[in-house]
Amino acid sequence: MAIQAHESNEPEVYFQYEDIDQQQDTYLIGMWAFLAQELLFFGAIFFIYFLYRINYLHDFAQLSGHLNWQLGGLNTAILLASSYFVARAVHRGQTGEMKKQVNWLWATVACAVGFLVIKFFEYKDKIGSGLFPNEHFAQHYHYEANPEVARLFYSLYFVMTGLHGIHVLVGIIIFVVLIRLIKKRSSLITDYIPTELCGLYWHFVDLVWIFLYPLFYLIPAP
Amino acid sequence: MSAAAEQETVQEKNYLNADHTLRSWLTTTDHKRIAILYLIGVTFFFILGGLSAALIRLELTSPTGWMLSNEMFNKTFSAHGIFMVFFFMIPAIPAVLGNFLLPLMIGARDLAFPRLNLVSWYLYAVGGTLVLIAMMMGGVDAGWTFYTPLSSIYSETQISLTLVGIFLNGFSSIVTGVNFIATIHKMRAPGMTWFRLPLFVWAHYATSLIMILGTPVVAMALLLVVLERSLGVGIYSPELGGDPVLFQHLFWFYSHPAVYIMILPAMGVQSELIACFSKRKIFGYHFVAFSSLAIAVLGFLVWGHHMFISSQSVYLSVIFSLLSFLVAIPSAVKTFNWSVSLYKGSISFQTPMIYALSFIGLFVIGGITGMFLASIRTDIHLTGTYFIVAHFHYVMVGGTVTAFMGGLHFWWPKISGRLYSEFWGRISALLVFVGFNLTFFPQFILGVLGMPRRYHMYGIAPEWLFYNVLSTAGSTVLGLGFFLPMIYLTHSYFKGRKSTQNPWNAKGLEWEKAASPPITVNFTEKILVTEDAYNYDAISDAAQALRTMEKRGQLAVVDDEDAWWDENSEDKS
């Protein structure tokens, strides 16, 4: 792609844009439009969740008690911290302190990896107990709850946290690529906007978990 | 300035001959080349979908099901629906004409995200390939709607692979939507205000909103069917306390707005054609622009009218019925405004205009029969019959495909830089109109008589044979009408006469400022927009004034009209 020549400290402007302001505004609008579709993507399954939770109020509350709320809480704290770190990284990007920016980004990546590791042990525990919702589902693991609803609950649990987990994984890849490009002083990254865009995505991933945590781990008895 | 000489030099280097290798096409980020890639893709799937339609029509020429087995017939109509809806109709106008024209119409050098645009084509291509592989491995029999529990539990065909293909294709249209929204918001040339945008752009803005807000929902719905089939996750499974009707809700939450993804860009094309070939401003520009947004918003509130005979509560049905009637209002606003725009216009019946006028007639029939289906009681009699099939095809083929053909002919000189044969163009436009009505009008009658859709035998009522044979005969004419353009347009691409920059004398930046075919960066000069869209009245007023002056003998002062225009026109460089 043709890139217009600019003075060394000026951000590069792609040929389709008039100036850097237009380019940055366009990137942000594109990202928000993408997040709007993400909202509807998760919205669909949240809708399904609420439908079944309203139908099976008592069962959902009982099943929720078997999830490890301490681990879930720890993961919530980790993701909240990572959101703070990425906000710091964007700030350092704006002030142009590249080294600090990269450090904050590494801190974000570390949190994301930590989140997935904890999630892995949670999954391992549940799958080990035969709670993966396929035909070998341990029907009578939860004596107090309707076994069919238990399978439905774990279907939702694995699908929703799984899709969120995939988003975390994608986030890790995005941040590692971003860090590499920043360190290489790539022509793609001469200002803070790419970090800002990755940060927006990461805040969204965080936000999804903020809803997932109480919806699965903290259902009060009705 | 010699316009003709400049024309020659501009045409020497354009987006088509900038590079010739296959690699240059497959790695291009030029929106115009990606539009061509899409054109090849949608034409391919249109042919496949058309061939499966031909099989369906052949099978129905006998009440006894003489050619296909039950299972094969199910697979044939499923293939027809999947190819036509997901791989032809949804990308046809936005990804081909929209991709090509949006930057040209708003005076931009490219879309906002050119590489993302290429990604969207690859998602489409990979999705299409997966579906083709699924078809070769035996196909699917659940129809294009994939209702659970048939698709999730009972069907033993290639559902999962097909759904993954459609899932990827959905993300291709989301990516296109994101790209269009960012482009329309931020890439407009100076002076191109929101209310100077051509209505084609407004229609694509509304379409993009549906693409990014609707498609993810169906993506999730289909993903859950795949997970149910592959892992045993049971969201739709009644054995596990799940609800199969939930799938219908999620599916139609997207798929009803999706018919507006298909028709709104067609309405955008329609506005351009009507304005150009009657040389008139579109009457009520603001109403037509906002009616696109109104259709997009209302489209999200009417999905329940597909489910009047499901387990849906009757009170819900009443509300959905009322809301469905509301969609008629913005649609009628458009139709009336196009018709009024023709008044006192200088109408010329060239090929695109024949398509545009057919669109008005066919869309009105499709829209009015939609009102029959929005009313609950009539719908209960007509749903699941050929009446639905006919209604859907009147809107989708009579509307969308007709507008796509009209638009393709209208912008063909811009896309290819060549002129097609006007004679064959008119012949095939008339063939499409006649063939289409002959094919689908009998299906309205069949539907009222009670012939169910998706059945390949009707031995119980052999009197339906007459209408079925009529329909099959019509589909032959229709097929010919679609086949001819493939021949003469391809021929004109290689052998046609070279087109001038603005062969239709049309308004709009793509005609007035860009060469035919455009250069890679679209424009040679900076674009500054100083007038509203469709400023044709100025042309006809000037022509009228000239005529009056000629009559009065006042025109003698201007010896050389061209020289006079060159001196006085605004766009001299």
# chains A, B, ... in the order shown; residues from 1 in each chain; ligands from 1
call {"tool": "residues_around", "arguments": {"residues": "range 92-103 of chain A", "least_positions_apart": "6", "cutoff": "12 Å", "atoms": "only C-alpha atoms", "output": "PyMOL selection string"}}
result
chain A and resi 9+85-86+109-110+175-185+189-197+199
call {"tool": "interface_residues", "arguments": {"of": "chain A", "to": "chain B", "cutoff": "8 Å", "atoms": "only C-alpha atoms", "output": "PyMOL selection string"}}
result
chain A and resi 1+15-17+22+25-27+29-30+33-34+36-38+40-45+52+133-135+148-149+151-152+155-156
call {"tool": "residues_around", "arguments": {"residues": "Phe211 in chain A", "least_positions_apart": "5", "cutoff": "12 Å", "atoms": "only C-alpha atoms", "output": "list in words"}}
result
Phe42, Gly43, Phe46, Tyr49, Gly72, Thr76, Met160, Thr161, His164, Phe204, Val205, Asp206, Phe216, Tyr217, Leu218 and Ile219 of chain A
call {"tool": "closest_residue", "arguments": {"among": "A:Ala112, A:Lys119, A:Leu131, A:Asp19", "to": "Trp69 in chain A", "atoms": "only C-alpha atoms"}}
result
A:Lys119
call {"tool": "residues_around", "arguments": {"residues": "Leu101 in chain B", "least_positions_apart": "3", "cutoff": "8 Å", "atoms": "only C-alpha atoms", "output": "PDB file with C-alpha atoms, in the first residue's frame"}}
result
ATOM      1  CA  LYS B  32     -12.769  -1.256  -7.580  1.00  0.00           C
ATOM      2  CA  LEU B  97     -21.826  -1.923  -6.761  1.00  0.00           C
ATOM      3  CA  GLY B  98     -21.448  -0.467  -3.265  1.00  0.00           C
ATOM      4  CA  LEU B 104     -16.364   7.405  -6.068  1.00  0.00           C
ATOM      5  CA  MET B 105     -19.709   8.894  -5.073  1.00  0.00           C
ATOM      6  CA  GLU B 510     -18.466   9.086 -10.286  1.00  0.00           C
TER       7      GLU B 510
END
call {"tool": "closest_residue", "arguments": {"among": "A:Ile174, A:Ala61, A:Ala81, A:Ala107", "to": "Pro222 in chain A", "atoms": "only C-alpha atoms"}}
result
A:Ala61
call {"tool": "residues_around", "arguments": {"residues": "range 482-498 of chain B", "least_positions_apart": "6", "cutoff": "12 Å", "atoms": "only C-alpha atoms", "output": "number ranges by chain"}}
result
B: 7-8, 11-12, 16, 39-40, 43-44, 46-47, 50-51, 351, 397, 401-402, 404-406, 408-433, 435-436, 475-476, 515-517
call {"tool": "residues_around", "arguments": {"residues": "Gly143 in chain B", "least_positions_apart": "3", "cutoff": "7 Å", "atoms": "only C-alpha atoms", "output": "JSON, numbers by chain"}}
result
{"B": [77, 78, 81, 146]}
call {"tool": "write_last_selection", "arguments": {"atoms": "C-alpha atoms", "output": "PDB file, in the first residue's frame"}}
result
ATOM      1  CA  PHE B  77     -34.272 -26.298  -2.717  1.00  0.00           C
ATOM      2  CA  SER B  78     -31.901 -25.974   0.239  1.00  0.00           C
ATOM      3  CA  GLY B  81     -31.888 -20.915  -0.978  1.00  0.00           C
ATOM      4  CA  PHE B 146     -32.088 -24.380   9.242  1.00  0.00           C
TER       5      PHE B 146
END
call {"tool": "closest_residue", "arguments": {"among": "A:Ala150, A:Leu71, A:Ala221, A:Ile127", "to": "Phe115 in chain A", "atoms": "only C-alpha atoms"}}
result
A:Leu71
call {"tool": "residues_around", "arguments": {"residues": "Ala275 in chain B", "least_positions_apart": "6", "cutoff": "9 Å", "atoms": "only C-alpha atoms", "output": "list in words"}}
result
Lys281, Ile282, Trp338, Ser341, Leu342, Gly345, Ala506, Lys507, Tyr534 and Tyr536 of chain B
call {"tool": "closest_residue", "arguments": {"among": "A:Phe50, A:Tyr201, A:Tyr14, A:Trp32", "to": "Leu215 in chain A", "atoms": "only C-alpha atoms"}}
result
A:Phe50
call {"tool": "atom_distance", "arguments": {"atom1": "CA of Gly384 in chain B", "atom2": "CA of Gln443 in chain B"}}
result
12.4 Å
call {"tool": "select_by_dssp", "arguments": {"residues": "range 151-266 of chain B", "states": "helix (DSSP H, G or I)", "output": "PyMOL selection string"}}
result
chain B and resi 151-154+159-186+194-196+199-230+238-240+244-266
